[in-house]
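Quick look at coords-v8.pdb (PDB, C-alpha atoms):
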```pdb
ATOM      1  CA  MET V   1     178.552 -13.775 112.749
ATOM      2  CA  LYS V   2     179.362 -12.353 116.176
ATOM      3  CA  SER V   3     180.893 -15.131 118.265
ATOM      4  CA  LEU V   4     181.837 -15.616 121.899
ATOM      5  CA  ILE V   5     184.247 -18.382 122.918
ATOM      6  CA  ALA V   6     183.914 -19.486 126.541
ATOM      7  CA  GLY V   7     187.082 -21.309 127.534
ATOM      8  CA  LEU V   8     190.472 -20.926 125.840
ATOM      9  CA  GLY V   9     192.220 -24.188 126.621
ATOM     10  CA  SER V  10     193.496 -26.396 123.796
ATOM     11  CA  ILE V  11     190.060 -27.169 122.318
ATOM     12  CA  GLY V  12     188.907 -23.564 122.679
ATOM     13  CA  ARG V  13     192.031 -22.407 120.821
ATOM     14  CA  ARG V  14     191.306 -24.924 118.070
ATOM     15  CA  HIS V  15     187.760 -23.606 117.659
ATOM     16  CA  PHE V  16     189.128 -20.045 117.660
ATOM     17  CA  ARG V  17     191.585 -20.834 114.856
ATOM     18  CA  ASN V  18     188.922 -22.645 112.850
ATOM     19  CA  LEU V  19     186.458 -19.770 113.137
ATOM     20  CA  VAL V  20     189.162 -17.443 111.823
ATOM     21  CA  GLN V  21     189.968 -19.879 109.010
ATOM     22  CA  LEU V  22     186.265 -19.936 108.076
ATOM     23  CA  GLY V  23     186.303 -16.166 107.715
ATOM     24  CA  GLU V  24     184.887 -15.189 111.106
ATOM     25  CA  ARG V  25     186.540 -12.130 112.636
ATOM     26  CA  ASP V  26     184.045 -10.748 115.167
ATOM     27  CA  ILE V  27     185.141 -12.955 118.068
ATOM     28  CA  THR V  28     185.144 -12.154 121.781
ATOM     29  CA  LEU V  29     187.021 -14.316 124.276
ATOM     30  CA  LEU V  30     185.430 -15.145 127.638
ATOM     31  CA  ARG V  31     188.340 -16.059 129.856
ATOM     32  CA  SER V  32     189.218 -17.155 133.359
ATOM     33  CA  HIS V  33     192.931 -16.673 132.490
ATOM     34  CA  LYS V  34     193.706 -20.145 133.843
ATOM     35  CA  SER V  35     194.923 -21.491 130.505
ATOM     36  CA  THR V  36     198.525 -22.682 130.454
ATOM     37  CA  LEU V  37     198.931 -21.884 126.741
ATOM     38  CA  PRO V  38     200.659 -18.733 125.431
ATOM     39  CA  ASP V  39     198.365 -15.896 124.363
ATOM     40  CA  ASP V  40     200.201 -14.668 121.257
ATOM     41  CA  GLU V  41     197.561 -15.889 118.774
ATOM     42  CA  LEU V  42     194.789 -14.176 120.757
ATOM     43  CA  ALA V  43     196.341 -10.724 120.628
ATOM     44  CA  GLY V  44     193.995  -8.034 119.366
ATOM     45  CA  TYR V  45     190.759  -9.865 120.149
ATOM     46  CA  PRO V  46     188.481  -8.413 122.854
ATOM     47  CA  VAL V  47     188.493 -10.240 126.181
ATOM     48  CA  GLU V  48     185.720 -10.442 128.755
ATOM     49  CA  THR V  49     185.862 -12.107 132.167
ATOM     50  CA  ASP V  50     182.190 -11.703 133.130
ATOM     51  CA  LEU V  51     179.588 -13.899 131.421
ATOM     52  CA  GLY V  52     176.743 -11.433 131.917
ATOM     53  CA  LYS V  53     178.690  -8.588 130.311
ATOM     54  CA  ALA V  54     179.795 -10.831 127.453
ATOM     55  CA  LEU V  55     176.202 -11.871 126.702
ATOM     56  CA  ALA V  56     174.983  -8.274 127.029
ATOM     57  CA  ALA V  57     176.979  -7.583 123.858
ATOM     58  CA  ARG V  58     174.481  -9.895 122.111
ATOM     59  CA  PRO V  59     176.698 -12.458 120.360
ATOM     60  CA  ASP V  60     174.993 -14.588 117.704
ATOM     61  CA  ALA V  61     176.761 -17.758 118.805
ATOM     62  CA  VAL V  62     178.588 -19.011 121.886
ATOM     63  CA  ILE V  63     181.253 -21.720 121.665
ATOM     64  CA  ILE V  64     181.336 -23.488 125.044
ATOM     65  CA  SER V  65     184.742 -25.110 125.497
ATOM     66  CA  ASN V  66     185.425 -24.669 129.205
ATOM     67  CA  PRO V  67     185.692 -27.762 131.484
ATOM     68  CA  SER V  68     182.622 -29.997 131.217
ATOM     69  CA  SER V  69     181.612 -29.444 134.845
ATOM     70  CA  LEU V  70     181.148 -25.746 133.961
ATOM     71  CA  HIS V  71     179.242 -26.204 130.699
ATOM     72  CA  LEU V  72     175.615 -25.987 131.775
ATOM     73  CA  PRO V  73     175.548 -22.574 133.491
ATOM     74  CA  VAL V  74     177.186 -20.955 130.463
ATOM     75  CA  ALA V  75     175.004 -22.846 127.976
ATOM     76  CA  LEU V  76     171.755 -22.029 129.750
ATOM     77  CA  ALA V  77     172.620 -18.340 130.124
ATOM     78  CA  ALA V  78     173.636 -18.142 126.459
ATOM     79  CA  VAL V  79     170.463 -19.811 125.188
ATOM     80  CA  ASN V  80     168.246 -17.634 127.370
ATOM     81  CA  ALA V  81     170.055 -14.626 125.887
ATOM     82  CA  GLY V  82     168.974 -15.839 122.449
ATOM     83  CA  CYS V  83     172.369 -17.201 121.366
ATOM     84  CA  HIS V  84     173.029 -20.283 119.289
ATOM     85  CA  ILE V  85     175.395 -22.659 121.090
ATOM     86  CA  PHE V  86     178.133 -25.068 120.126
ATOM     87  CA  LEU V  87     178.724 -27.266 123.160
ATOM     88  CA  GLU V  88     181.862 -29.333 123.547
ATOM     89  CA  LYS V  89     181.457 -32.945 124.601
ATOM     90  CA  PRO V  90     180.419 -34.240 127.005
ATOM     91  CA  VAL V  91     177.431 -31.944 127.364
ATOM     92  CA  ALA V  92     178.020 -31.815 131.138
ATOM     93  CA  HIS V  93     179.377 -33.920 133.986
ATOM     94  CA  SER V  94     175.805 -34.778 135.101
ATOM     95  CA  HIS V  95     172.428 -34.938 133.367
ATOM     96  CA  TYR V  96     170.868 -32.686 136.020
ATOM     97  CA  GLY V  97     169.933 -29.461 134.262
ATOM     98  CA  THR V  98     170.085 -30.860 130.737
ATOM     99  CA  ALA V  99     166.276 -31.083 130.436
ATOM    100  CA  GLU V 100     166.077 -27.396 131.333
ATOM    101  CA  LEU V 101     168.685 -26.587 128.684
ATOM    102  CA  LEU V 102     166.838 -28.595 126.038
ATOM    103  CA  GLN V 103     163.579 -26.842 126.882
ATOM    104  CA  ALA V 104     165.279 -23.434 126.694
ATOM    105  CA  VAL V 105     166.740 -24.283 123.269
ATOM    106  CA  GLU V 106     163.274 -25.196 121.983
ATOM    107  CA  GLN V 107     161.615 -22.130 123.496
ATOM    108  CA  ASN V 108     164.229 -19.706 122.182
ATOM    109  CA  LYS V 109     164.377 -21.416 118.776
ATOM    110  CA  VAL V 110     168.166 -21.446 118.653
ATOM    111  CA  VAL V 111     170.609 -23.925 117.150
ATOM    112  CA  ALA V 112     172.409 -26.234 119.580
ATOM    113  CA  ALA V 113     175.188 -28.491 118.282
ATOM    114  CA  VAL V 114     177.497 -30.829 120.219
ATOM    115  CA  GLY V 115     181.166 -31.357 119.411
ATOM    116  CA  PHE V 116     181.517 -35.006 118.469
ATOM    117  CA  GLN V 117     183.977 -34.475 115.632
ATOM    118  CA  PHE V 118     184.407 -38.147 114.743
ATOM    119  CA  ARG V 119     181.016 -38.008 113.006
ATOM    120  CA  PHE V 120     182.932 -35.957 110.433
ATOM    121  CA  HIS V 121     185.613 -38.583 109.817
ATOM    122  CA  PRO V 122     185.232 -39.801 106.201
ATOM    123  CA  GLY V 123     186.025 -43.402 107.174
ATOM    124  CA  LEU V 124     183.367 -43.533 109.869
ATOM    125  CA  GLN V 125     180.928 -41.728 107.588
ATOM    126  CA  THR V 126     181.456 -44.446 104.968
ATOM    127  CA  ILE V 127     180.843 -47.210 107.511
ATOM    128  CA  HIS V 128     177.734 -45.393 108.743
ATOM    129  CA  GLU V 129     176.431 -45.257 105.164
ATOM    130  CA  LEU V 130     177.128 -48.977 104.640
ATOM    131  CA  ILE V 131     175.091 -49.783 107.742
ATOM    132  CA  GLN V 132     172.238 -47.463 106.762
ATOM    133  CA  GLN V 133     172.150 -49.010 103.295
ATOM    134  CA  GLY V 134     172.032 -52.524 104.781
ATOM    135  CA  ARG V 135     175.120 -53.639 102.905
ATOM    136  CA  LEU V 136     176.672 -55.181 106.027
ATOM    137  CA  GLY V 137     173.441 -57.022 106.809
ATOM    138  CA  LYS V 138     172.325 -57.346 110.412
ATOM    139  CA  ILE V 139     175.069 -56.005 112.667
ATOM    140  CA  ILE V 140     176.031 -58.683 115.172
ATOM    141  CA  SER V 141     178.901 -57.156 117.082
ATOM    142  CA  ALA V 142     181.357 -54.282 117.232
ATOM    143  CA  THR V 143     184.580 -53.569 119.103
ATOM    144  CA  ALA V 144     185.979 -50.081 119.693
ATOM    145  CA  ILE V 145     189.406 -49.626 121.275
ATOM    146  CA  TRP V 146     190.798 -46.266 122.333
ATOM    147  CA  GLY V 147     193.882 -45.942 124.463
ATOM    148  CA  GLU V 148     196.022 -42.814 124.891
ATOM    149  CA  TYR V 149     198.883 -41.995 127.265
ATOM    150  CA  LEU V 150     197.483 -39.114 129.318
ATOM    151  CA  PRO V 151     200.860 -37.650 130.437
ATOM    152  CA  GLY V 152     201.740 -37.133 126.761
ATOM    153  CA  TRP V 153     198.582 -35.260 125.717
ATOM    154  CA  HIS V 154     199.589 -31.720 126.624
ATOM    155  CA  PRO V 155     203.387 -31.550 127.031
ATOM    156  CA  TRP V 156     203.117 -27.877 128.046
ATOM    157  CA  GLU V 157     201.261 -28.610 131.299
ATOM    158  CA  ASP V 158     201.266 -30.949 134.290
ATOM    159  CA  TYR V 159     198.749 -33.620 133.317
ATOM    160  CA  HIS V 160     197.602 -33.912 136.942
ATOM    161  CA  LEU V 161     196.059 -30.435 136.588
ATOM    162  CA  SER V 162     194.269 -31.082 133.286
ATOM    163  CA  TYR V 163     190.481 -31.430 133.154
ATOM    164  CA  ALA V 164     190.846 -35.041 131.953
ATOM    165  CA  ALA V 165     192.564 -35.962 135.234
ATOM    166  CA  ARG V 166     190.310 -34.090 137.667
ATOM    167  CA  GLN V 167     186.989 -35.162 139.112
ATOM    168  CA  ASP V 168     186.026 -31.561 139.953
ATOM    169  CA  LEU V 169     186.323 -30.547 136.281
ATOM    170  CA  GLY V 170     184.353 -33.513 134.956
ATOM    171  CA  GLY V 171     187.309 -35.661 133.923
ATOM    172  CA  GLY V 172     187.840 -39.410 133.813
ATOM    173  CA  VAL V 173     188.512 -41.711 130.898
ATOM    174  CA  VAL V 174     184.836 -42.564 130.269
ATOM    175  CA  ARG V 175     183.789 -38.905 130.007
ATOM    176  CA  THR V 176     186.904 -37.701 128.221
ATOM    177  CA  LEU V 177     187.091 -40.493 125.625
ATOM    178  CA  CYS V 178     183.325 -40.798 125.128
ATOM    179  CA  HIS V 179     183.475 -40.475 121.329
ATOM    180  CA  PRO V 180     183.084 -44.234 120.644
ATOM    181  CA  LEU V 181     179.896 -44.211 122.729
ATOM    182  CA  ASP V 182     178.583 -41.484 120.443
ATOM    183  CA  TYR V 183     179.497 -42.945 117.084
ATOM    184  CA  LEU V 184     178.277 -46.429 118.081
ATOM    185  CA  ALA V 185     174.858 -44.989 119.033
ATOM    186  CA  TRP V 186     174.954 -42.954 115.793
ATOM    187  CA  MET V 187     175.437 -46.180 113.857
ATOM    188  CA  PHE V 188     173.350 -48.697 115.836
ATOM    189  CA  GLY V 189     170.629 -46.667 117.589
ATOM    190  CA  LYS V 190     169.463 -46.812 121.183
ATOM    191  CA  VAL V 191     171.129 -48.905 123.878
ATOM    192  CA  ASP V 192     169.075 -51.364 125.909
ATOM    193  CA  THR V 193     171.554 -52.522 128.585
ATOM    194  CA  VAL V 194     175.005 -51.468 129.801
ATOM    195  CA  SER V 195     177.598 -53.509 131.700
ATOM    196  CA  ALA V 196     180.958 -52.080 132.716
ATOM    197  CA  LEU V 197     184.147 -52.380 134.712
ATOM    198  CA  VAL V 198     185.489 -48.895 135.484
ATOM    199  CA  HIS V 199     188.773 -48.510 137.358
ATOM    200  CA  ALA V 200     190.946 -45.818 138.890
ATOM    201  CA  THR V 201     194.160 -47.832 138.878
ATOM    202  CA  GLY V 202     196.234 -45.280 140.781
ATOM    203  CA  ILE V 203     199.126 -45.757 138.350
ATOM    204  CA  LEU V 204     198.941 -42.160 137.108
ATOM    205  CA  ASP V 205     198.270 -40.657 140.541
ATOM    206  CA  ILE V 206     194.947 -39.089 139.540
ATOM    207  CA  ASP V 207     191.545 -39.178 141.261
ATOM    208  CA  VAL V 208     189.489 -40.313 138.250
ATOM    209  CA  ASP V 209     188.923 -43.499 136.302
ATOM    210  CA  ASP V 210     191.713 -44.299 133.827
ATOM    211  CA  LEU V 211     190.609 -47.719 132.551
ATOM    212  CA  ALA V 212     187.204 -48.998 131.435
ATOM    213  CA  GLU V 213     185.776 -52.114 129.794
ATOM    214  CA  ILE V 214     182.235 -51.469 128.597
ATOM    215  CA  ASP V 215     179.614 -53.737 127.031
ATOM    216  CA  LEU V 216     176.677 -52.144 125.240
ATOM    217  CA  TYR V 217     173.647 -54.176 124.226
ATOM    218  CA  PHE V 218     171.650 -52.286 121.608
ATOM    219  CA  ALA V 219     167.895 -52.532 121.180
ATOM    220  CA  ALA V 220     168.442 -53.601 117.563
ATOM    221  CA  GLY V 221     170.350 -56.675 118.767
ATOM    222  CA  THR V 222     173.939 -55.533 118.272
ATOM    223  CA  GLN V 223     176.455 -56.173 121.030
ATOM    224  CA  ALA V 224     179.420 -53.780 121.276
ATOM    225  CA  HIS V 225     182.499 -53.771 123.469
ATOM    226  CA  VAL V 226     184.396 -50.552 124.189
ATOM    227  CA  HIS V 227     187.858 -50.417 125.763
ATOM    228  CA  LEU V 228     189.127 -47.050 127.046
ATOM    229  CA  ASP V 229     192.391 -46.252 128.820
ATOM    230  CA  TYR V 230     194.827 -43.450 129.675
ATOM    231  CA  HIS V 231     197.901 -45.704 129.450
ATOM    232  CA  ARG V 232     198.488 -47.047 125.957
ATOM    233  CA  GLN V 233     201.796 -46.142 124.294
ATOM    234  CA  PRO V 234     201.619 -45.520 121.412
ATOM    235  CA  GLY V 235     197.957 -44.585 121.276
ATOM    236  CA  LYS V 236     195.408 -46.666 119.413
ATOM    237  CA  HIS V 237     191.860 -45.916 118.261
ATOM    238  CA  THR V 238     190.134 -48.544 116.123
ATOM    239  CA  LEU V 239     186.686 -49.889 115.300
ATOM    240  CA  SER V 240     185.708 -53.332 114.004
ATOM    241  CA  ILE V 241     182.164 -54.301 112.994
ATOM    242  CA  ILE V 242     180.816 -57.754 112.113
ATOM    243  CA  GLY V 243     177.543 -58.146 110.224
ATOM    244  CA  THR V 244     175.736 -60.990 108.526
ATOM    245  CA  GLY V 245     176.529 -59.320 105.201
ATOM    246  CA  GLY V 246     180.128 -58.320 105.773
ATOM    247  CA  THR V 247     182.806 -56.837 107.998
ATOM    248  CA  ALA V 248     184.082 -53.263 108.337
ATOM    249  CA  GLU V 249     187.134 -51.846 110.090
ATOM    250  CA  TRP V 250     188.571 -48.403 110.765
ATOM    251  CA  ASP V 251     191.891 -47.176 112.122
ATOM    252  CA  ASN V 252     192.171 -43.592 113.294
ATOM    253  CA  THR V 253     195.977 -43.635 113.049
ATOM    254  CA  THR V 254     195.961 -44.208 109.294
ATOM    255  CA  GLY V 255     192.512 -42.726 108.708
ATOM    256  CA  ILE V 256     191.676 -45.744 106.537
ATOM    257  CA  ALA V 257     188.366 -47.602 106.628
ATOM    258  CA  GLN V 258     187.919 -50.927 104.878
ATOM    259  CA  PHE V 259     185.141 -53.409 104.350
ATOM    260  CA  ILE V 260     184.529 -56.784 102.778
ATOM    261  CA  LEU V 261     181.102 -58.109 101.868
ATOM    262  CA  ALA V 262     179.973 -61.705 102.320
ATOM    263  CA  GLY V 263     181.050 -63.862  99.400
ATOM    264  CA  GLU V 264     183.809 -61.488  98.310
ATOM    265  CA  ASN V 265     187.528 -62.223  98.401
ATOM    266  CA  GLN V 266     188.859 -58.675  98.434
ATOM    267  CA  TRP V 267     188.724 -55.820 100.902
ATOM    268  CA  HIS V 268     187.571 -52.398  99.757
ATOM    269  CA  SER V 269     189.690 -49.592 101.230
ATOM    270  CA  ILE V 270     188.485 -46.034 101.775
ATOM    271  CA  LEU V 271     191.386 -43.633 102.087
ATOM    272  CA  PRO V 272     190.911 -40.130 103.491
ATOM    273  CA  PRO V 273     190.682 -37.463 100.771
ATOM    274  CA  ALA V 274     193.790 -35.508  99.820
ATOM    275  CA  GLY V 275     194.619 -32.912 102.438
ATOM    276  CA  PHE V 276     192.665 -34.594 105.217
ATOM    277  CA  GLU V 277     194.207 -34.321 108.680
ATOM    278  CA  ARG V 278     192.906 -34.363 112.237
ATOM    279  CA  ASN V 279     191.785 -30.748 112.278
ATOM    280  CA  THR V 280     189.653 -31.318 109.170
ATOM    281  CA  MET V 281     187.017 -32.941 111.392
ATOM    282  CA  PHE V 282     186.950 -29.972 113.758
ATOM    283  CA  LEU V 283     186.870 -27.524 110.879
ATOM    284  CA  ASN V 284     183.945 -29.314 109.248
ATOM    285  CA  GLU V 285     181.957 -29.547 112.469
ATOM    286  CA  MET V 286     182.344 -25.785 112.967
ATOM    287  CA  ARG V 287     181.351 -25.190 109.344
ATOM    288  CA  ASN V 288     178.270 -27.368 109.944
ATOM    289  CA  PHE V 289     177.373 -25.285 113.023
ATOM    290  CA  ILE V 290     177.616 -22.027 111.057
ATOM    291  CA  GLN V 291     175.542 -23.467 108.216
ATOM    292  CA  ALA V 292     172.945 -24.698 110.710
ATOM    293  CA  ILE V 293     172.643 -21.146 112.040
ATOM    294  CA  GLU V 294     172.210 -19.920 108.471
ATOM    295  CA  GLY V 295     169.514 -22.538 107.942
ATOM    296  CA  SER V 296     171.187 -24.511 105.146
ATOM    297  CA  GLU V 297     171.997 -27.616 107.244
ATOM    298  CA  TRP V 298     170.969 -29.443 110.420
ATOM    299  CA  PRO V 299     173.514 -29.989 113.199
ATOM    300  CA  VAL V 300     175.231 -33.309 112.554
ATOM    301  CA  CYS V 301     175.138 -33.956 116.312
ATOM    302  CA  SER V 302     172.106 -32.468 118.046
ATOM    303  CA  LEU V 303     171.745 -31.501 121.685
ATOM    304  CA  GLU V 304     169.365 -34.443 122.173
ATOM    305  CA  GLU V 305     172.061 -36.823 120.941
ATOM    306  CA  GLY V 306     174.654 -35.162 123.150
ATOM    307  CA  ILE V 307     172.402 -35.581 126.180
ATOM    308  CA  TYR V 308     171.848 -39.232 125.277
ATOM    309  CA  ASN V 309     175.615 -39.726 125.242
ATOM    310  CA  LEU V 310     175.776 -38.248 128.737
ATOM    311  CA  GLN V 311     173.030 -40.637 129.864
ATOM    312  CA  MET V 312     175.073 -43.531 128.491
ATOM    313  CA  ILE V 313     178.091 -42.302 130.456
ATOM    314  CA  GLU V 314     176.063 -42.171 133.655
ATOM    315  CA  ALA V 315     174.713 -45.692 133.035
ATOM    316  CA  ILE V 316     178.294 -46.911 132.582
ATOM    317  CA  TYR V 317     179.361 -45.418 135.907
ATOM    318  CA  ARG V 318     176.305 -46.924 137.603
ATOM    319  CA  ALA V 319     177.060 -50.338 136.138
ATOM    320  CA  GLY V 320     180.722 -50.014 137.086
ATOM    321  CA  SER V 321     180.022 -49.071 140.685
ATOM    322  CA  SER V 322     177.259 -51.630 141.250
ATOM    323  CA  GLY V 323     178.787 -54.521 139.350
ATOM    324  CA  ASN V 324     175.388 -55.154 137.758
ATOM    325  CA  PRO V 325     173.985 -54.474 134.294
ATOM    326  CA  VAL V 326     171.990 -51.246 133.986
ATOM    327  CA  ARG V 327     168.976 -50.873 131.737
ATOM    328  CA  MET V 328     169.039 -47.552 129.924
ATOM    329  CA  ALA V 329     165.276 -47.182 130.406
ATOM    330  CA  GLU V 330     165.786 -47.394 134.171
ATOM    331  CA  ASN V 331     168.729 -44.991 134.054
ATOM    332  CA  LEU V 332     166.593 -42.422 132.206
ATOM    333  CA  ALA V 333     163.724 -42.706 134.723
TER     334      ALA V 333
END
```
Spell out the structure here as structure tokens.
Amino acid sequence: MKSLIAGLGSIGRRHFRNLVQLGERDITLLRSHKSTLPDDELAGYPVETDLGKALAARPDAVIISNPSSLHLPVALAAVNAGCHIFLEKPVAHSHYGTAELLQAVEQNKVVAAVGFQFRFHPGLQTIHELIQQGRLGKIISATAIWGEYLPGWHPWEDYHLSYAARQDLGGGVVRTLCHPLDYLAWMFGKVDTVSALVHATGILDIDVDDLAEIDLYFAAGTQAHVHLDYHRQPGKHTLSIIGTGGTAEWDNTTGIAQFILAGENQWHSILPPAGFERNTMFLNEMRNFIQAIEGSEWPVCSLEEGIYNLQMIEAIYRAGSSGNPVRMAENLA
């Protein structure tokens, strides 16, 4: 497969390494040369700085891992050039233009996958299966907590300059840590109403939101609360689900999921398989993308689902700024 990677920050480098690990060697790098990472591992690979010239070389697939505010122009140009696309989350910083991208994907009959790697976590996959099988009964409520200390993310750079901390690059805690929004919708379906408190506390001296309390009311009747922050030390990322037939929990730090069914006295623990580590999720999502291009699998996270996540994000910001609940149906209108 002939691949083009657009954006060589930390996530772009990870996708580069994983493509190489999966046996891909024909890789071109589309660069702005603004990355603060050393270039040693990229030596020997062709570099292009012009998108038009890069697409004129007719890559089979384009990995879009530049800042989210720059996603759509690259994605649309790639799809219209007949390329399959792997689009990092969130799909964009605004839904404007996403309908055009979706239409172009359908017209050009290309694969479009979105990078929500937590769908590849074995613990979350187990909980998803339990819900689909009805073993937890009717899901009543869920709580997802994700807090990370932003200044500690990338020790090699000034965090103030990172995409996560900049409004112009599509940053903010809700957009950057939007994975729980995705896996909750993956598990529970469509959202009916959103309420939120979204704050830029000023503590980190950044111009984006760094703290959010979000309530999601799903059409199926489940109520979920999501806490996101850029402050927690040490970081924490957990999920707890209560159903009429049992309870399930997951901790990203240990990788362990556990559940107990109604009437039982013992928890069932699901440990990650031998050799599992954080990059395993990213490696498997890239493998899924390649297999989707080959026609042996479907993308685990489709473009439609990625766009829905973006619509949830926008509803959260609307609810946060207005102080009122927002109906998803009205937000999509």
| query | Expressed in Å to a single decimal, how great is the separation between CA of Thr247 (chain V) and CA of Ile260 (chain V)? | reply | 5.5 Å
| the PyMOL selection byres ((chain V and resi 316-318) around 9) on the file shown: which residues, as a ChimeraX atom specification? | /V:174,194-198,214-215,311-315,319-326,331
| message | At a cut-off of 12 Å, using only C-alpha atoms, what residues contact Ile63 (chain V)? Leave out same-chain residues fewer than 5 positions from it and give the result as an NGL selection string. | response | :V and (2-8 or 11-16 or 18-19 or 27-30 or 71 or 74-75 or 78-79 or 83-89 or 111-115 or 286 or 289-290)
| Residue with smallest distance to Gly255 (chain V) - pool V:Ala61, V:Ala164, V:Leu70, V:Leu124, counting all atoms listed in the file |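 Smallest separation from Gly255 (chain V) among the options: V:Leu124.
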| query | CA of Glu213 (chain V) and CA of Ala185 (chain V), how far apart in Å? | reply |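 Taking CA of Ala185 (chain V) as the start and CA of Glu213 (chain V) as the end point, the length is 16.9 Å.
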| task | Run through the PyMOL selection byres ((chain V and resi 176) around 10) on the given coordinates and return the selected residues as a ChimeraX atom specification. | result | /V:68,89-90,163-165,170-175,177-179,210,228,230
Limited to C-alpha atoms, could you put the picked residues into a file as a PDB file, in the coordinates of the input?
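File written: selection13.pdb
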```
ATOM      1  CA  SER V  68     182.622 -29.997 131.217  1.00  0.00           C
ATOM      2  CA  LYS V  89     181.457 -32.945 124.601  1.00  0.00           C
ATOM      3  CA  PRO V  90     180.419 -34.240 127.005  1.00  0.00           C
ATOM      4  CA  TYR V 163     190.481 -31.430 133.154  1.00  0.00           C
ATOM      5  CA  ALA V 164     190.846 -35.041 131.953  1.00  0.00           C
ATOM      6  CA  ALA V 165     192.564 -35.962 135.234  1.00  0.00           C
ATOM      7  CA  GLY V 170     184.353 -33.513 134.956  1.00  0.00           C
ATOM      8  CA  GLY V 171     187.309 -35.661 133.923  1.00  0.00           C
ATOM      9  CA  GLY V 172     187.840 -39.410 133.813  1.00  0.00           C
ATOM     10  CA  VAL V 173     188.512 -41.711 130.898  1.00  0.00           C
ATOM     11  CA  VAL V 174     184.836 -42.564 130.269  1.00  0.00           C
ATOM     12  CA  ARG V 175     183.789 -38.905 130.007  1.00  0.00           C
ATOM     13  CA  LEU V 177     187.091 -40.493 125.625  1.00  0.00           C
ATOM     14  CA  CYS V 178     183.325 -40.798 125.128  1.00  0.00           C
ATOM     15  CA  HIS V 179     183.475 -40.475 121.329  1.00  0.00           C
ATOM     16  CA  ASP V 210     191.713 -44.299 133.827  1.00  0.00           C
ATOM     17  CA  LEU V 228     189.127 -47.050 127.046  1.00  0.00           C
ATOM     18  CA  TYR V 230     194.827 -43.450 129.675  1.00  0.00           C
TER      19      TYR V 230
END
```
| Best match for closeness to Thr193 (chain V) among V:Ala54, V:Leu216, V:Glu294, V:Leu211, counting all atoms listed in the file |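 Looking only at the distances to Thr193 (chain V), the closest residue turns out to be V:Leu216.
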| request: State, in Å with one decimal place, the distance from CA of Arg232 (chain V) to CA of Ile256 (chain V). | output: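 These two atoms are separated by 20.6 Å.
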| field | Residue contacts of Asp205 (chain V) (12 Å, all atoms listed in the file) excluding same-chain residues fewer than 2 positions away, as a PyMOL selection string | value | chain V and resi 150-151+158-161+165-166+200-203+207-210+230
For the selection just defined, write its residues with C-alpha atoms to a file, as a compact mmCIF listing (two decimals), in the frame of the given file.
```
# COMPACT_ATOMS: atom_id res chain seq x y z
CA LEU V 150 197.48 -39.11 129.32
CA PRO V 151 200.86 -37.65 130.44
CA ASP V 158 201.27 -30.95 134.29
CA TYR V 159 198.75 -33.62 133.32
CA HIS V 160 197.60 -33.91 136.94
CA LEU V 161 196.06 -30.44 136.59
CA ALA V 165 192.56 -35.96 135.23
CA ARG V 166 190.31 -34.09 137.67
CA ALA V 200 190.95 -45.82 138.89
CA THR V 201 194.16 -47.83 138.88
CA GLY V 202 196.23 -45.28 140.78
CA ILE V 203 199.13 -45.76 138.35
CA ASP V 207 191.54 -39.18 141.26
CA VAL V 208 189.49 -40.31 138.25
CA ASP V 209 188.92 -43.50 136.30
CA ASP V 210 191.71 -44.30 133.83
CA TYR V 230 194.83 -43.45 129.68
```
| task | Find, counting all atoms listed in the file, the residue in V:Leu55, V:Leu72, V:Ala81, V:Leu42 that gets nearest to Leu101 (chain V). | result | V:Leu72
